[in-house]
>>> print(open('run.cif').read())   # mmCIF, C-alpha atoms and all ligand atoms
data_entry
loop_
_atom_site.label_atom_id
_atom_site.label_comp_id
_atom_site.auth_asym_id
_atom_site.auth_seq_id
_atom_site.Cartn_x
_atom_site.Cartn_y
_atom_site.Cartn_z
CA MET A 1 -106.69 64.35 18.31
CA SER A 2 -107.05 67.41 20.42
CA GLU A 3 -104.21 69.12 22.17
CA LYS A 4 -105.67 68.24 25.55
CA LYS A 5 -105.51 64.48 25.09
CA HIS A 6 -101.86 64.78 24.22
CA ARG A 7 -100.68 66.70 27.20
CA VAL A 8 -97.20 65.74 28.30
CA SER A 9 -96.75 65.93 32.01
CA ARG A 10 -93.79 67.69 33.50
CA ARG A 11 -92.49 64.34 34.73
CA GLN A 12 -92.85 62.75 31.31
CA PHE A 13 -91.13 65.67 29.62
CA LEU A 14 -88.21 65.40 32.02
CA THR A 15 -88.01 61.62 31.57
CA TYR A 16 -87.87 62.00 27.79
CA THR A 17 -85.33 64.82 27.69
CA LEU A 18 -83.08 63.37 30.37
CA THR A 19 -83.09 59.89 28.79
CA GLY A 20 -82.41 61.49 25.43
CA VAL A 21 -79.53 63.65 26.60
CA GLY A 22 -78.16 60.86 28.81
CA GLY A 23 -78.37 58.36 25.97
CA PHE A 24 -76.62 60.76 23.64
CA MET A 25 -73.79 61.31 26.11
CA ALA A 26 -73.40 57.59 26.82
CA ALA A 27 -73.31 56.86 23.09
CA GLY A 28 -70.72 59.56 22.52
CA MET A 29 -68.58 58.08 25.26
CA LEU A 30 -68.97 54.43 24.38
CA SER A 31 -68.90 54.45 20.59
CA PRO A 32 -65.16 55.19 20.18
CA MET A 33 -64.38 52.47 22.73
CA VAL A 34 -66.60 49.90 21.05
CA ARG A 35 -65.21 50.79 17.62
CA MET A 36 -61.71 50.36 19.00
CA ALA A 37 -62.53 46.91 20.37
CA LEU A 38 -64.14 45.87 17.07
CA ASP A 39 -61.19 47.09 15.00
CA PRO A 40 -59.50 43.73 14.38
CA ALA A 41 -62.77 42.27 13.09
CA LEU A 42 -63.46 45.21 10.78
CA GLU A 43 -59.97 45.63 9.38
CA ALA A 44 -59.59 44.66 5.72
CA THR A 45 -57.05 41.89 5.26
CA GLY A 46 -54.45 42.81 2.66
CA ASP A 47 -53.14 40.43 -0.01
CA SER A 48 -49.85 39.00 1.11
CA GLU A 49 -46.72 39.49 -0.99
CA PHE A 50 -44.90 36.85 -2.99
CA VAL A 51 -41.84 35.41 -1.25
CA ALA A 52 -38.96 33.46 -2.74
CA VAL A 53 -38.84 29.91 -1.40
CA GLY A 54 -35.28 29.15 -2.54
CA LEU A 55 -36.25 26.60 -5.15
CA GLY A 56 -35.63 26.78 -8.90
CA GLU A 57 -38.28 25.80 -11.44
CA ASP A 58 -35.92 23.18 -12.84
CA GLU A 59 -35.74 21.41 -9.50
CA LEU A 60 -39.44 20.55 -9.61
CA THR A 61 -40.71 17.12 -10.60
CA GLU A 62 -44.09 15.47 -10.91
CA GLU A 63 -43.54 14.14 -7.40
CA PRO A 64 -44.73 16.51 -4.62
CA GLN A 65 -41.79 17.75 -2.55
CA ILE A 66 -41.90 19.74 0.63
CA VAL A 67 -40.40 23.23 0.58
CA ASN A 68 -39.85 25.18 3.78
CA PHE A 69 -39.53 28.95 3.76
CA GLU A 70 -39.81 31.96 6.05
CA LEU A 71 -42.51 34.54 5.87
CA GLU A 72 -42.38 37.94 7.55
CA ILE A 73 -45.54 38.19 9.66
CA GLU A 74 -46.69 41.53 11.00
CA ASP A 75 -48.76 40.86 14.08
CA ALA A 76 -49.81 44.32 15.32
CA TRP A 77 -46.72 45.63 17.16
CA TYR A 78 -44.77 42.40 16.72
CA THR A 79 -43.02 41.50 13.47
CA SER A 80 -41.36 38.14 13.10
CA GLU A 81 -40.19 35.57 10.57
CA GLN A 82 -42.38 32.51 10.71
CA PRO A 83 -41.90 29.15 9.09
CA ARG A 84 -44.24 28.09 6.31
CA SER A 85 -44.19 25.10 4.01
CA ALA A 86 -45.78 23.86 0.82
CA TRP A 87 -46.05 20.62 -1.13
CA ILE A 88 -44.94 21.63 -4.58
CA TYR A 89 -44.84 19.76 -7.91
CA LYS A 90 -45.33 20.07 -11.63
CA ASP A 91 -48.51 18.99 -13.34
CA GLY A 92 -47.61 19.24 -17.03
CA ASP A 93 -46.71 22.90 -17.49
CA GLU A 94 -48.49 24.03 -14.39
CA ILE A 95 -46.83 24.39 -11.00
CA ILE A 96 -48.97 23.36 -8.05
CA ALA A 97 -48.15 24.37 -4.46
CA LEU A 98 -50.44 22.90 -1.83
CA SER A 99 -50.72 24.03 1.75
CA PRO A 100 -49.86 21.15 4.11
CA ILE A 101 -52.55 22.16 6.58
CA CYS A 102 -55.28 19.56 6.79
CA THR A 103 -58.71 21.01 6.00
CA HIS A 104 -60.28 18.93 8.74
CA LEU A 105 -58.83 20.44 11.92
CA GLY A 106 -55.48 21.83 10.94
CA CYS A 107 -52.90 19.07 11.48
CA THR A 108 -50.05 18.73 8.97
CA VAL A 109 -50.35 16.32 6.06
CA ASN A 110 -47.54 14.26 4.54
CA TRP A 111 -47.12 12.93 1.00
CA ASP A 112 -46.91 9.21 0.52
CA ALA A 113 -46.32 8.66 4.20
CA ASN A 114 -48.64 5.76 4.93
CA GLU A 115 -47.87 2.47 3.24
CA ASP A 116 -51.56 1.61 2.98
CA TYR A 117 -52.24 4.77 1.00
CA PRO A 118 -49.41 5.37 -1.45
CA GLU A 119 -49.46 8.41 -3.71
CA GLN A 120 -51.79 10.29 -1.38
CA PHE A 121 -51.48 13.05 1.22
CA PHE A 122 -52.08 11.51 4.60
CA CYS A 123 -53.06 13.22 7.82
CA PRO A 124 -52.08 11.27 10.97
CA CYS A 125 -54.60 12.96 13.25
CA HIS A 126 -57.85 11.41 12.05
CA PHE A 127 -56.58 9.62 8.97
CA GLY A 128 -57.70 12.27 6.52
CA ARG A 129 -56.53 11.66 2.93
CA PHE A 130 -56.11 13.77 -0.21
CA GLU A 131 -55.26 12.92 -3.82
CA ARG A 132 -52.16 14.33 -5.50
CA ASP A 133 -54.11 17.37 -6.74
CA GLY A 134 -55.29 18.03 -3.19
CA THR A 135 -58.83 16.68 -3.60
CA ASN A 136 -60.10 15.21 -0.35
CA VAL A 137 -60.86 11.51 -0.43
CA ALA A 138 -64.53 10.86 0.24
CA GLY A 139 -65.21 9.00 3.45
CA THR A 140 -62.28 10.58 5.34
CA PRO A 141 -62.81 13.51 7.75
CA PRO A 142 -61.69 16.49 5.57
CA THR A 143 -64.57 18.14 3.74
CA ARG A 144 -62.69 20.21 1.17
CA PRO A 145 -59.46 20.00 -0.85
CA LEU A 146 -56.14 21.28 0.44
CA ASP A 147 -55.64 25.02 -0.01
CA VAL A 148 -53.36 26.23 -2.81
CA TYR A 149 -50.72 28.94 -2.90
CA ASP A 150 -50.53 31.49 -5.70
CA VAL A 151 -47.39 30.60 -7.63
CA GLU A 152 -45.12 32.87 -9.65
CA VAL A 153 -41.85 32.13 -11.46
CA ARG A 154 -39.35 34.99 -11.62
CA ASP A 155 -36.00 34.39 -13.34
CA GLY A 156 -36.48 30.67 -12.96
CA MET A 157 -37.10 30.86 -9.21
CA ILE A 158 -40.32 29.92 -7.45
CA TYR A 159 -42.24 32.57 -5.50
CA LEU A 160 -45.29 31.72 -3.41
CA GLY A 161 -48.06 34.17 -2.55
CA GLN A 162 -51.41 34.08 -0.91
CA ILE A 163 -53.12 30.87 0.19
CA ASN A 164 -56.51 30.28 -1.46
CA GLN A 165 -59.34 28.05 -0.37
CA ARG A 166 -61.04 25.79 -2.84
CA SER A 167 -64.49 24.52 -2.06
CA MET B 1 -91.94 46.64 25.24
CA LEU B 2 -89.37 47.77 27.78
CA GLN B 3 -92.17 48.48 30.23
CA LYS B 4 -93.50 44.94 29.75
CA VAL B 5 -90.08 43.38 30.41
CA TYR B 6 -89.73 45.53 33.51
CA ASP B 7 -93.21 44.58 34.75
CA TRP B 8 -92.50 40.90 34.16
CA VAL B 9 -89.34 41.03 36.27
CA ASP B 10 -90.89 43.33 38.88
CA GLU B 11 -93.89 41.04 39.33
CA ARG B 12 -91.54 38.21 40.29
CA LEU B 13 -88.74 39.99 42.12
CA ASP B 14 -90.36 43.20 43.39
CA ILE B 15 -87.40 45.33 42.33
CA THR B 16 -89.16 48.70 42.46
CA PRO B 17 -88.53 49.39 46.17
CA LEU B 18 -84.85 48.51 45.67
CA TRP B 19 -84.08 51.25 43.18
CA ARG B 20 -86.62 53.71 44.61
CA ASP B 21 -84.77 53.57 47.87
CA ILE B 22 -81.53 54.47 46.07
CA ALA B 23 -82.77 56.88 43.42
CA ASP B 24 -85.84 58.60 44.85
CA HIS B 25 -84.86 61.37 47.14
CA GLU B 26 -85.32 65.12 47.31
CA VAL B 27 -82.60 67.39 46.06
CA PRO B 28 -82.61 70.21 48.62
CA GLU B 29 -83.10 73.70 47.25
CA HIS B 30 -79.69 74.96 48.36
CA VAL B 31 -77.84 72.39 46.23
CA ASN B 32 -79.97 72.84 43.10
CA PRO B 33 -78.37 75.17 40.54
CA ALA B 34 -81.84 75.89 39.12
CA HIS B 35 -82.61 77.79 42.33
CA HIS B 36 -79.29 79.42 43.10
CA PHE B 37 -76.81 79.27 40.27
CA SER B 38 -73.90 79.29 42.70
CA ALA B 39 -75.05 75.84 43.81
CA PHE B 40 -73.18 74.42 40.80
CA VAL B 41 -70.30 73.85 43.20
CA TYR B 42 -72.29 70.90 44.54
CA CYS B 43 -71.88 69.22 41.13
CA PHE B 44 -68.16 68.62 41.47
CA GLY B 45 -68.52 65.37 43.42
CA GLY B 46 -70.79 63.93 40.73
CA LEU B 47 -68.46 65.21 38.01
CA THR B 48 -65.49 63.54 39.70
CA PHE B 49 -67.42 60.27 39.67
CA PHE B 50 -68.37 60.79 36.01
CA VAL B 51 -64.72 61.18 35.04
CA VAL B 52 -63.80 58.13 37.13
CA VAL B 53 -66.36 56.12 35.17
CA ILE B 54 -64.76 57.34 31.94
CA GLN B 55 -61.32 56.36 33.26
CA ILE B 56 -62.47 52.87 34.16
CA LEU B 57 -64.24 52.28 30.84
CA SER B 58 -61.49 53.74 28.63
CA GLY B 59 -58.87 51.93 30.73
CA MET B 60 -60.61 48.60 30.22
CA PHE B 61 -60.57 49.11 26.47
CA LEU B 62 -56.92 50.24 26.45
CA THR B 63 -56.04 47.01 28.21
CA MET B 64 -57.22 45.10 25.12
CA TYR B 65 -54.16 46.36 23.25
CA TYR B 66 -51.65 47.40 25.89
CA VAL B 67 -48.98 44.93 27.06
CA PRO B 68 -46.97 45.58 30.25
CA ASP B 69 -43.59 44.44 28.98
CA ILE B 70 -40.53 46.65 28.54
CA ILE B 71 -39.85 45.40 25.01
CA HIS B 72 -43.36 45.85 23.68
CA ALA B 73 -45.15 48.38 25.91
CA TYR B 74 -44.16 51.43 23.89
CA GLU B 75 -44.88 49.71 20.57
CA SER B 76 -48.29 48.53 21.76
CA VAL B 77 -49.26 52.04 22.86
CA TYR B 78 -47.96 53.40 19.54
CA TYR B 79 -49.98 50.78 17.70
CA LEU B 80 -53.23 51.37 19.58
CA GLN B 81 -52.89 55.12 19.12
CA ASN B 82 -51.89 55.21 15.46
CA GLU B 83 -53.15 52.01 13.84
CA VAL B 84 -56.37 51.17 15.66
CA THR B 85 -59.44 53.10 14.54
CA HIS B 86 -60.51 55.49 17.33
CA GLY B 87 -57.63 54.30 19.50
CA LEU B 88 -56.42 57.89 19.50
CA ILE B 89 -59.75 59.01 20.98
CA VAL B 90 -59.85 56.32 23.64
CA ARG B 91 -56.24 56.94 24.69
CA GLY B 92 -57.00 60.66 24.62
CA MET B 93 -59.98 60.16 26.93
CA HIS B 94 -57.81 58.25 29.40
CA HIS B 95 -54.86 60.66 29.11
CA TRP B 96 -56.82 63.89 29.57
CA GLY B 97 -59.31 62.30 31.94
CA ALA B 98 -56.45 61.40 34.29
CA SER B 99 -55.73 65.11 34.78
CA LEU B 100 -59.38 66.12 34.79
CA VAL B 101 -60.25 63.66 37.55
CA ILE B 102 -57.67 65.30 39.79
CA VAL B 103 -58.94 68.81 38.97
CA MET B 104 -62.54 67.76 39.70
CA MET B 105 -61.56 66.00 42.91
CA PHE B 106 -59.71 69.13 44.05
CA LEU B 107 -62.69 71.41 43.31
CA HIS B 108 -65.00 68.97 45.12
CA THR B 109 -62.67 69.01 48.12
CA LEU B 110 -62.68 72.83 48.11
CA ARG B 111 -66.49 72.86 48.10
CA VAL B 112 -66.63 70.43 51.03
CA PHE B 113 -64.05 72.49 52.88
CA PHE B 114 -65.65 75.90 52.39
CA THR B 115 -69.17 74.69 53.17
CA GLY B 116 -67.81 73.08 56.34
CA SER B 117 -69.35 69.77 55.28
CA TYR B 118 -66.59 67.77 56.96
CA LYS B 119 -67.94 68.63 60.43
CA LYS B 120 -69.84 66.27 62.70
CA PRO B 121 -71.45 63.88 61.77
CA ARG B 122 -69.56 63.68 58.47
CA GLU B 123 -65.96 63.36 59.75
CA LEU B 124 -65.70 59.75 58.57
CA ASN B 125 -66.64 60.69 55.05
CA TRP B 126 -63.87 63.27 54.99
CA VAL B 127 -61.45 60.51 55.99
CA VAL B 128 -62.74 58.27 53.20
CA GLY B 129 -62.42 61.23 50.85
CA VAL B 130 -58.75 61.68 51.76
CA LEU B 131 -58.15 57.97 51.11
CA LEU B 132 -59.87 58.36 47.72
CA PHE B 133 -57.54 61.26 47.02
CA PHE B 134 -54.47 59.07 47.65
CA VAL B 135 -55.85 56.18 45.61
CA ILE B 136 -56.47 58.48 42.65
CA LEU B 137 -53.01 60.03 42.96
CA GLY B 138 -51.67 56.48 43.02
CA LEU B 139 -53.56 55.66 39.83
CA GLY B 140 -52.08 58.73 38.18
CA PHE B 141 -48.57 57.82 39.33
CA THR B 142 -48.68 54.13 38.31
CA GLY B 143 -50.49 54.86 35.03
CA TYR B 144 -47.91 57.43 34.00
CA LEU B 145 -45.18 54.77 33.72
CA LEU B 146 -47.18 52.47 31.47
CA PRO B 147 -46.46 54.06 28.05
CA TRP B 148 -42.76 53.36 28.84
CA ASP B 149 -41.38 56.35 26.98
CA MET B 150 -38.72 58.80 28.21
CA LYS B 151 -41.19 60.97 30.10
CA ALA B 152 -42.79 57.95 31.77
CA TYR B 153 -39.45 56.44 32.76
CA PHE B 154 -37.88 59.56 34.22
CA ALA B 155 -41.05 60.65 35.99
CA THR B 156 -40.98 57.30 37.76
CA VAL B 157 -37.28 57.66 38.55
CA VAL B 158 -38.12 60.92 40.30
CA GLY B 159 -41.24 59.50 41.97
CA LEU B 160 -39.25 56.62 43.41
CA GLU B 161 -36.52 59.00 44.58
CA ILE B 162 -39.21 60.84 46.50
CA ALA B 163 -40.39 57.58 48.06
CA GLU B 164 -36.79 56.80 49.01
CA SER B 165 -36.36 60.14 50.75
CA ALA B 166 -38.92 59.12 53.39
CA PRO B 167 -37.23 58.52 56.75
CA VAL B 168 -36.55 54.95 57.95
CA ILE B 169 -38.74 53.03 55.50
CA GLY B 170 -37.68 55.01 52.41
CA GLY B 171 -35.23 52.48 50.98
CA PHE B 172 -37.56 49.59 51.61
CA ALA B 173 -40.53 51.39 50.03
CA ARG B 174 -38.53 52.23 46.93
CA THR B 175 -37.31 48.67 46.40
CA LEU B 176 -40.77 47.28 47.01
CA LEU B 177 -42.41 49.67 44.55
CA ALA B 178 -39.74 49.18 41.89
CA GLY B 179 -39.70 45.41 42.41
CA GLY B 180 -35.93 45.39 42.88
CA GLU B 181 -32.98 47.70 42.41
CA ILE B 182 -33.53 48.36 38.72
CA ILE B 183 -36.41 50.42 37.39
CA GLY B 184 -37.28 48.05 34.59
CA ALA B 185 -39.14 44.87 33.73
CA GLN B 186 -40.42 44.19 37.23
CA THR B 187 -41.34 47.82 37.86
CA LEU B 188 -43.52 47.95 34.77
CA ALA B 189 -45.29 44.66 35.51
CA ARG B 190 -45.94 45.73 39.10
CA PHE B 191 -47.15 49.20 38.23
CA PHE B 192 -49.50 47.67 35.69
CA ALA B 193 -50.95 45.27 38.24
CA ILE B 194 -51.36 48.07 40.77
CA HIS B 195 -52.85 50.38 38.13
CA VAL B 196 -55.48 48.03 36.72
CA PHE B 197 -56.33 45.69 39.62
CA PHE B 198 -55.32 46.82 43.08
CA LEU B 199 -56.11 50.54 43.01
CA PRO B 200 -59.31 50.31 40.94
CA GLY B 201 -60.51 47.69 43.45
CA ALA B 202 -59.72 49.99 46.37
CA LEU B 203 -61.29 52.90 44.48
CA LEU B 204 -64.60 51.07 43.99
CA GLY B 205 -64.70 49.97 47.62
CA LEU B 206 -64.05 53.46 48.91
CA LEU B 207 -66.56 55.00 46.50
CA GLY B 208 -69.14 52.53 47.79
CA ALA B 209 -68.46 53.64 51.37
CA HIS B 210 -68.50 57.31 50.30
CA PHE B 211 -71.90 57.05 48.60
CA PHE B 212 -73.39 54.91 51.35
CA MET B 213 -72.53 57.58 53.91
CA ILE B 214 -73.89 60.38 51.72
CA ARG B 215 -77.18 58.50 51.28
CA LYS B 216 -77.39 57.79 55.01
CA GLN B 217 -76.51 61.31 56.20
CA GLY B 218 -77.86 63.43 53.35
CA ILE B 219 -76.19 66.49 51.86
CA SER B 220 -75.02 68.98 54.44
CA GLY B 221 -77.32 71.93 55.09
CA PRO B 222 -77.19 75.48 53.67
CA LEU B 223 -74.60 77.91 55.02
C1 LIG C 1 -59.16 57.29 38.36
C2 LIG C 1 -58.72 56.30 37.63
C3 LIG C 1 -57.47 56.31 36.72
C4 LIG C 1 -56.49 57.28 36.52
C5 LIG C 1 -56.36 58.63 37.20
C6 LIG C 1 -55.57 56.77 35.52
C7 LIG C 1 -54.41 57.41 35.05
C8 LIG C 1 -53.60 56.99 34.00
C9 LIG C 1 -52.50 57.74 33.42
C10 LIG C 1 -52.00 59.12 33.86
C11 LIG C 1 -51.98 57.00 32.40
C12 LIG C 1 -50.86 57.41 31.41
C13 LIG C 1 -51.57 57.85 30.16
C14 LIG C 1 -50.72 58.60 29.18
O1 LIG C 1 -49.63 59.07 29.54
O2 LIG C 1 -51.20 58.77 28.04
C15 LIG C 1 -52.71 55.76 32.35
C16 LIG C 1 -52.46 54.74 31.43
C17 LIG C 1 -53.16 53.52 31.40
N1 LIG C 1 -54.25 53.16 32.20
FE1 LIG C 1 -55.08 54.31 33.65
N2 LIG C 1 -56.00 55.51 35.13
C18 LIG C 1 -57.15 55.20 35.84
C19 LIG C 1 -57.87 54.02 35.76
C20 LIG C 1 -57.56 52.93 34.95
C21 LIG C 1 -58.26 51.66 34.94
C22 LIG C 1 -59.45 51.32 35.85
C23 LIG C 1 -57.65 50.85 33.99
C24 LIG C 1 -57.93 49.42 33.53
C25 LIG C 1 -58.82 48.62 34.00
C26 LIG C 1 -56.56 51.62 33.40
C27 LIG C 1 -55.71 51.17 32.39
C28 LIG C 1 -54.64 51.88 31.84
C29 LIG C 1 -53.78 51.40 30.79
C30 LIG C 1 -53.86 50.01 30.10
C31 LIG C 1 -52.85 52.42 30.50
C32 LIG C 1 -51.69 52.37 29.47
C33 LIG C 1 -52.12 52.92 28.13
C34 LIG C 1 -51.73 54.37 27.90
O3 LIG C 1 -50.72 54.80 28.47
O4 LIG C 1 -52.43 55.05 27.16
N3 LIG C 1 -56.54 52.87 34.02
N4 LIG C 1 -53.70 55.78 33.33
S1 LIG C 2 -56.93 17.17 11.28
FE1 LIG C 2 -56.39 16.02 9.52
S2 LIG C 2 -57.85 14.47 9.62
FE2 LIG C 2 -58.42 15.63 11.35
#
>>> encode(input="run.cif", output="structure tokens", more="lines below")
Ligand code: HEM
Ligand code: FES
Amino acid sequence: MSEKKHRVSRRQFLTYTLTGVGGFMAAGMLSPMVRMALDPALEATGDSEFVAVGLGEDELTEEPQIVNFELEIEDAWYTSEQPRSAWIYKDGDEIIALSPICTHLGCTVNWDANEDYPEQFFCPCHFGRFERDGTNVAGTPPTRPLDVYDVEVRDGMIYLGQINQRS
Amino acid sequence: MLQKVYDWVDERLDITPLWRDIADHEVPEHVNPAHHFSAFVYCFGGLTFFVVVIQILSGMFLTMYYVPDIIHAYESVYYLQNEVTHGLIVRGMHHWGASLVIVMMFLHTLRVFFTGSYKKPRELNWVVGVLLFFVILGLGFTGYLLPWDMKAYFATVVGLEIAESAPVIGGFARTLLAGGEIIGAQTLARFFAIHVFFLPGALLGLLGAHFFMIRKQGISGPL
């Protein structure tokens, strides 16, 4: 192509340079703001610490029991103690601690609470049910098992950590 | 691609005359710094507006983290500045911009004064300009309390003393602004509302009037 065919008019040149410079300035101005707004979504979530739940290993049985404990939650500029609970029991040598939050829409499940479904976790909201090991009962609304806490035993006392999803 | 989208819309809504009418006009030689460098003084109005735009944008983003409550205000500002990525930059833009907007506005006022641009037929625009001046001072005053630290608190104590010293209505004005006798919970909530809703609303309205008059009357002539 010859030079002539490629002539850039004065108007075109100005349009390109002004849009370029303007775009650069707008980007410089807006990018810190947008990054700031996106911060919560981009922040890495840290593993939570283990907390003592005030229950000894020897108090556990094969029967799930509810344990209530407090967890220190740091919510940006607001730190508070918030209640948490777990259904906890022994399965042979293993200690299982299940989250009581229904995997359907987040209501709270109860062990052995409905006479029609003994020995199961029962959710009153839409009649979701789970087996003792947390597996969801087919044909009820929940689509995955109850979440499990990481469990640690220190000096005979139970400590619960992060909550993990099972698929 | 962009051109095609534009053409598609234009074909249906005929938007070209709309923006041409706003954007397409001659810049007279005497206000163009490319002709006489000293004409840069005519840029101060536009620069004031530019900083105002920065204040509005950065302010909107600050509001995502800031809470106007005496228990948490300071902590929320601390958090957005030190824990949120680029929060320092955005708060910095708003903090320094607040001073810069007043400097720019002052220089713009000087230009208008020394070029005699306030004379007939532009008297009304001078009046609107003075109102803009007060609104922006008000934004600076109300915004200054929001971080709720020592400097913010005592600056407001002094500011409200000044309001109180006005004859007759002083006491009433002070109580109204502070939202009671105590400079505290109600003062902060009120200053926040004034800072982010009332004054920005007034500011945009006045700027609209300002620009409408400039477009209608043109820039004042050379000296
Ligand atoms: C010309 C316009 C404005 C001026 C002059 C101004 C001025 C100020 C000043 C002086 C502060 C204290 C900043 C500091 O000490 O670091 C402040 C804080 C604040 N402003 Fe504005 N402001 C303006 C517009 C706005 C708008 C439109 C919004 C929201 C829509 C806003 C939201 C805030 C917030 C949330 C704070 C508290 C956060 C902080 O202190 O960093 N501002 N403003
Ligand atoms: S929330 Fe538990 S069944 Fe719907």
>>> residues_around(input="run.cif", residues="B:Trp148", least_positions_apart="2", cutoff="9 Å", atoms="all atoms listed in the file", output="MDAnalysis selection string")
chainID B and resid 68:70 73:74 77 144:146 150:153 188
>>> interface_residues(input="run.cif", of="chain A", to="chain B", cutoff="12 Å", atoms="all atoms listed in the file", output="PyMOL selection string")
chain A and resi 25-26+28-43+74-79
>>> residues_around(input="run.cif", residues="stretch 49-52 of chain B", least_positions_apart="3", cutoff="8 Å", atoms="all atoms listed in the file", output="number ranges by chain")
B: 45-46, 55-56, 97, 100-101
>>> axis_aligned_box(input="run.cif", around="ligand LIG 1 (chain C)", padding_each_side="5 Å", output="lines of an AutoDock Vina configuration file")
center_x = -54.5
center_y = 53.9
center_z = 32.8
size_x = 19.8
size_y = 20.5
size_z = 21.2
>>> atom_distance(input="run.cif", atom1="atom CA of B:Gly143", atom2="atom CA of B:Arg111")
27.4 Å
>>> atom_distance(input="run.cif", atom1="atom CA of A:Gly156", atom2="atom CA of A:Glu57")
5.4 Å
>>> residues_near_ligand(input="run.cif", ligand="ligand LIG 2 (chain C)", cutoff="12 Å", atoms="all atoms listed in the file", output="PyMOL selection string")
chain A and resi 100-110+121-130+136-137+139-146
>>> atom_distance(input="run.cif", atom1="atom CA of B:Asp14", atom2="atom CA of B:Leu204")
26.9 Å
>>> residues_around(input="run.cif", residues="A:Leu55", least_positions_apart="2", cutoff="7 Å", atoms="only C-alpha atoms", output="PyMOL selection string")
chain A and resi 53+57+59+157-158
>>> build_atoms(input="run.cif", residues="stretch 209-214 of chain B", atoms="all heavy atoms", output="mmCIF file, in the frame of the given file")
data_model
loop_
_atom_site.group_PDB
_atom_site.id
_atom_site.type_symbol
_atom_site.label_atom_id
_atom_site.label_comp_id
_atom_site.auth_asym_id
_atom_site.auth_seq_id
_atom_site.Cartn_x
_atom_site.Cartn_y
_atom_site.Cartn_z
ATOM 1 N N ALA B 209 -68.340 53.117 50.007
ATOM 2 C CA ALA B 209 -68.460 53.640 51.370
ATOM 3 C C ALA B 209 -68.859 55.128 51.346
ATOM 4 O O ALA B 209 -69.736 55.568 52.096
ATOM 5 C CB ALA B 209 -67.136 53.462 52.102
ATOM 6 N N HIS B 210 -68.233 55.881 50.447
ATOM 7 C CA HIS B 210 -68.500 57.310 50.300
ATOM 8 C C HIS B 210 -69.983 57.556 50.016
ATOM 9 O O HIS B 210 -70.642 58.343 50.682
ATOM 10 C CB HIS B 210 -67.647 57.813 49.121
ATOM 11 C CG HIS B 210 -67.279 59.260 49.173
ATOM 12 N ND1 HIS B 210 -66.535 59.821 50.178
ATOM 13 C CD2 HIS B 210 -67.543 60.280 48.304
ATOM 14 C CE1 HIS B 210 -66.357 61.111 49.939
ATOM 15 N NE2 HIS B 210 -66.966 61.415 48.799
ATOM 16 N N PHE B 211 -70.499 56.832 49.019
ATOM 17 C CA PHE B 211 -71.900 57.050 48.600
ATOM 18 C C PHE B 211 -72.872 56.534 49.650
ATOM 19 O O PHE B 211 -73.933 57.122 49.876
ATOM 20 C CB PHE B 211 -72.158 56.388 47.252
ATOM 21 C CG PHE B 211 -71.346 57.020 46.142
ATOM 22 C CD1 PHE B 211 -70.991 56.279 45.016
ATOM 23 C CD2 PHE B 211 -70.930 58.337 46.223
ATOM 24 C CE1 PHE B 211 -70.237 56.860 44.001
ATOM 25 C CE2 PHE B 211 -70.169 58.924 45.218
ATOM 26 C CZ PHE B 211 -69.828 58.179 44.112
ATOM 27 N N PHE B 212 -72.521 55.435 50.297
ATOM 28 C CA PHE B 212 -73.390 54.910 51.350
ATOM 29 C C PHE B 212 -73.568 55.958 52.448
ATOM 30 O O PHE B 212 -74.685 56.232 52.900
ATOM 31 C CB PHE B 212 -72.788 53.625 51.933
ATOM 32 C CG PHE B 212 -73.470 53.165 53.179
ATOM 33 C CD1 PHE B 212 -74.716 52.537 53.107
ATOM 34 C CD2 PHE B 212 -72.900 53.370 54.428
ATOM 35 C CE1 PHE B 212 -75.359 52.132 54.251
ATOM 36 C CE2 PHE B 212 -73.543 52.965 55.586
ATOM 37 C CZ PHE B 212 -74.772 52.341 55.493
ATOM 38 N N MET B 213 -72.451 56.587 52.839
ATOM 39 C CA MET B 213 -72.530 57.580 53.910
ATOM 40 C C MET B 213 -73.316 58.814 53.480
ATOM 41 O O MET B 213 -74.087 59.381 54.260
ATOM 42 C CB MET B 213 -71.126 57.970 54.366
ATOM 43 C CG MET B 213 -70.508 56.918 55.248
ATOM 44 S SD MET B 213 -68.967 57.489 55.968
ATOM 45 C CE MET B 213 -67.825 56.525 55.052
ATOM 46 N N ILE B 214 -73.152 59.213 52.212
ATOM 47 C CA ILE B 214 -73.890 60.380 51.720
ATOM 48 C C ILE B 214 -75.397 60.093 51.766
ATOM 49 O O ILE B 214 -76.202 60.907 52.217
ATOM 50 C CB ILE B 214 -73.472 60.720 50.278
ATOM 51 C CG1 ILE B 214 -72.014 61.174 50.251
ATOM 52 C CG2 ILE B 214 -74.377 61.806 49.705
ATOM 53 C CD1 ILE B 214 -71.431 61.234 48.858
#
